[in-house]
Amino acid sequence: MTARLRESAHLREALPTERQRVQQAVLELAGRIQGRRVLDVGPESSALARLLAQQGADVVATQDLLEPASPLRGPFDVITAAHCIDDSADPEAALRVAAKLLHPRGRVVLALGHPWRPPTDGATPHSALATLPALLGALRSAGLRLVDAVEPGSGVAATTCEQPAPRYLVLVAERIGRRTRNRGTSG
């Protein structure tokens, strides 16, 4: 029995934490970032900003997209925002600012508390993100379109048919209709 408990404890330690799984999903969905300009929205010393820099991105960090005195200058190739847009006082305004800072072919990768799952801490999602139509409407009104979404799993092999519901959702959005023209010569 003691050996089984030790083995179980060892396996739990080897599994990535939920936050690490979300960060990994954000990194994967950000795409190729080496040499790209990336804005990371969140705590300035975030682990995600460090991981982005380790992968060769030119990282600029900010805590709040809605800060009026923010010196942020775009365009950015990728904007990552883990666990902060949904905590913003005005998520729709934050999404609009992100879209304005984004390169025409860039992407925004958002990690947020799963809006369609009951939160464990009792918090309720902002109404702009609480339903799929509201979320898609907020993205659209900001000039963004949803291109991908994942629910980072628990990383634990199921021993029963019941798996815990994902607590986070990671979204990828791109700017709508602002593609740059090919400036090649015409014959």
# chains A, B, ... in the order shown; residues from 1 in each chain; ligands from 1
$ select_by_dssp --residues "segment 42-130 of chain A" --states "helix (DSSP H, G or I)" --output "VMD selection string"
chain A and resid 47 to 54 91 to 101 127 to 129
$ write_last_selection --atoms "C-alpha atoms" --output "PDB file, in the first residue's frame"
ATOM      1  CA  ALA A  47       5.846  32.760 -16.563  1.00  0.00           C
ATOM      2  CA  LEU A  48       4.193  33.003 -19.980  1.00  0.00           C
ATOM      3  CA  ALA A  49       6.246  36.101 -20.903  1.00  0.00           C
ATOM      4  CA  ARG A  50       9.415  34.246 -19.884  1.00  0.00           C
ATOM      5  CA  LEU A  51       8.442  31.191 -21.962  1.00  0.00           C
ATOM      6  CA  LEU A  52       7.707  33.390 -24.989  1.00  0.00           C
ATOM      7  CA  ALA A  53      11.110  35.080 -24.655  1.00  0.00           C
ATOM      8  CA  GLN A  54      12.843  31.698 -24.274  1.00  0.00           C
ATOM      9  CA  PRO A  91     -13.527  42.968 -21.804  1.00  0.00           C
ATOM     10  CA  GLU A  92     -15.018  44.334 -25.026  1.00  0.00           C
ATOM     11  CA  ALA A  93     -12.896  47.499 -24.803  1.00  0.00           C
ATOM     12  CA  ALA A  94      -9.805  45.403 -24.030  1.00  0.00           C
ATOM     13  CA  LEU A  95     -10.485  43.279 -27.128  1.00  0.00           C
ATOM     14  CA  ARG A  96     -10.858  46.444 -29.259  1.00  0.00           C
ATOM     15  CA  VAL A  97      -7.500  47.742 -28.007  1.00  0.00           C
ATOM     16  CA  ALA A  98      -5.891  44.358 -28.719  1.00  0.00           C
ATOM     17  CA  ALA A  99      -7.273  44.385 -32.273  1.00  0.00           C
ATOM     18  CA  LYS A 100      -5.877  47.895 -32.884  1.00  0.00           C
ATOM     19  CA  LEU A 101      -2.418  46.829 -31.668  1.00  0.00           C
ATOM     20  CA  SER A 127     -21.718  39.088 -19.503  1.00  0.00           C
ATOM     21  CA  ALA A 128     -19.738  39.890 -22.694  1.00  0.00           C
ATOM     22  CA  LEU A 129     -18.070  36.487 -22.414  1.00  0.00           C
TER      23      LEU A 129
END
$ atom_distance --atom1 "atom CA of Ala130 of chain A" --atom2 "atom CA of Leu169 of chain A"
12.0 Å
$ closest_residue --among "A:Trp116, A:Ser70, A:Pro104, A:Val147" --to "Ala134 of chain A" --atoms "only C-alpha atoms"
A:Trp116
$ select_by_dssp --residues "segment 88-136 of chain A" --states "strand (DSSP E)" --output "ChimeraX atom specification"
/A:102-113
$ atom_distance --atom1 "atom CA of Gly42 of chain A" --atom2 "atom CA of Ala81 of chain A"
6.4 Å
$ atom_distance --atom1 "atom CA of Glu151 of chain A" --atom2 "atom CA of His103 of chain A"
25.9 Å
$ decode --residues "segment 42-65 of chain A" --atoms "N, CA and C atoms" --output "PDB file, in the first residue's frame"
ATOM      1  N   GLY A  42      -0.684  40.710 -18.888  1.00  0.00           N
ATOM      2  CA  GLY A  42      -0.759  40.009 -17.614  1.00  0.00           C
ATOM      3  C   GLY A  42       0.318  40.531 -16.695  1.00  0.00           C
ATOM      4  N   PRO A  43       0.563  39.848 -15.607  1.00  0.00           N
ATOM      5  CA  PRO A  43       1.618  40.290 -14.698  1.00  0.00           C
ATOM      6  C   PRO A  43       2.949  40.410 -15.437  1.00  0.00           C
ATOM      7  N   GLU A  44       3.681  41.493 -15.182  1.00  0.00           N
ATOM      8  CA  GLU A  44       4.919  41.759 -15.918  1.00  0.00           C
ATOM      9  C   GLU A  44       5.943  40.639 -15.781  1.00  0.00           C
ATOM     10  N   SER A  45       5.938  39.959 -14.673  1.00  0.00           N
ATOM     11  CA  SER A  45       6.904  38.875 -14.480  1.00  0.00           C
ATOM     12  C   SER A  45       6.254  37.524 -14.728  1.00  0.00           C
ATOM     13  N   SER A  46       5.298  37.475 -15.646  1.00  0.00           N
ATOM     14  CA  SER A  46       4.562  36.235 -15.840  1.00  0.00           C
ATOM     15  C   SER A  46       5.450  35.137 -16.416  1.00  0.00           C
ATOM     16  N   ALA A  47       5.123  33.921 -16.047  1.00  0.00           N
ATOM     17  CA  ALA A  47       5.846  32.760 -16.563  1.00  0.00           C
ATOM     18  C   ALA A  47       5.638  32.654 -18.069  1.00  0.00           C
ATOM     19  N   LEU A  48       4.469  33.060 -18.552  1.00  0.00           N
ATOM     20  CA  LEU A  48       4.193  33.003 -19.980  1.00  0.00           C
ATOM     21  C   LEU A  48       5.121  33.943 -20.751  1.00  0.00           C
ATOM     22  N   ALA A  49       5.334  35.155 -20.249  1.00  0.00           N
ATOM     23  CA  ALA A  49       6.246  36.101 -20.903  1.00  0.00           C
ATOM     24  C   ALA A  49       7.658  35.512 -20.965  1.00  0.00           C
ATOM     25  N   ARG A  50       8.083  34.872 -19.895  1.00  0.00           N
ATOM     26  CA  ARG A  50       9.415  34.246 -19.884  1.00  0.00           C
ATOM     27  C   ARG A  50       9.497  33.114 -20.911  1.00  0.00           C
ATOM     28  N   LEU A  51       8.456  32.290 -20.998  1.00  0.00           N
ATOM     29  CA  LEU A  51       8.442  31.191 -21.962  1.00  0.00           C
ATOM     30  C   LEU A  51       8.458  31.716 -23.396  1.00  0.00           C
ATOM     31  N   LEU A  52       7.716  32.786 -23.659  1.00  0.00           N
ATOM     32  CA  LEU A  52       7.707  33.390 -24.989  1.00  0.00           C
ATOM     33  C   LEU A  52       9.098  33.896 -25.357  1.00  0.00           C
ATOM     34  N   ALA A  53       9.757  34.566 -24.405  1.00  0.00           N
ATOM     35  CA  ALA A  53      11.110  35.080 -24.655  1.00  0.00           C
ATOM     36  C   ALA A  53      12.099  33.934 -24.866  1.00  0.00           C
ATOM     37  N   GLN A  54      11.957  32.853 -24.107  1.00  0.00           N
ATOM     38  CA  GLN A  54      12.843  31.698 -24.274  1.00  0.00           C
ATOM     39  C   GLN A  54      12.705  31.075 -25.656  1.00  0.00           C
ATOM     40  N   GLN A  55      11.535  31.229 -26.263  1.00  0.00           N
ATOM     41  CA  GLN A  55      11.313  30.677 -27.596  1.00  0.00           C
ATOM     42  C   GLN A  55      11.700  31.670 -28.691  1.00  0.00           C
ATOM     43  N   GLY A  56      12.340  32.776 -28.312  1.00  0.00           N
ATOM     44  CA  GLY A  56      12.881  33.705 -29.295  1.00  0.00           C
ATOM     45  C   GLY A  56      11.999  34.860 -29.680  1.00  0.00           C
ATOM     46  N   ALA A  57      10.904  35.085 -28.968  1.00  0.00           N
ATOM     47  CA  ALA A  57      10.030  36.213 -29.277  1.00  0.00           C
ATOM     48  C   ALA A  57      10.597  37.504 -28.693  1.00  0.00           C
ATOM     49  N   ASP A  58      10.311  38.608 -29.348  1.00  0.00           N
ATOM     50  CA  ASP A  58      10.605  39.944 -28.826  1.00  0.00           C
ATOM     51  C   ASP A  58       9.378  40.332 -28.005  1.00  0.00           C
ATOM     52  N   VAL A  59       9.457  40.149 -26.681  1.00  0.00           N
ATOM     53  CA  VAL A  59       8.289  40.262 -25.814  1.00  0.00           C
ATOM     54  C   VAL A  59       8.193  41.646 -25.176  1.00  0.00           C
ATOM     55  N   VAL A  60       7.011  42.222 -25.269  1.00  0.00           N
ATOM     56  CA  VAL A  60       6.648  43.434 -24.541  1.00  0.00           C
ATOM     57  C   VAL A  60       5.543  43.005 -23.590  1.00  0.00           C
ATOM     58  N   ALA A  61       5.633  43.409 -22.340  1.00  0.00           N
ATOM     59  CA  ALA A  61       4.622  43.009 -21.352  1.00  0.00           C
ATOM     60  C   ALA A  61       3.864  44.230 -20.841  1.00  0.00           C
ATOM     61  N   THR A  62       2.583  44.041 -20.604  1.00  0.00           N
ATOM     62  CA  THR A  62       1.756  45.070 -19.990  1.00  0.00           C
ATOM     63  C   THR A  62       0.756  44.386 -19.073  1.00  0.00           C
ATOM     64  N   GLN A  63       0.375  45.076 -18.033  1.00  0.00           N
ATOM     65  CA  GLN A  63      -0.593  44.487 -17.103  1.00  0.00           C
ATOM     66  C   GLN A  63      -2.028  44.747 -17.526  1.00  0.00           C
ATOM     67  N   ASP A  64      -2.261  45.840 -18.276  1.00  0.00           N
ATOM     68  CA  ASP A  64      -3.633  46.242 -18.565  1.00  0.00           C
ATOM     69  C   ASP A  64      -3.694  46.937 -19.920  1.00  0.00           C
ATOM     70  N   LEU A  65      -4.495  46.414 -20.820  1.00  0.00           N
ATOM     71  CA  LEU A  65      -4.665  47.050 -22.121  1.00  0.00           C
ATOM     72  C   LEU A  65      -5.443  48.355 -22.037  1.00  0.00           C
TER      73      LEU A  65
END
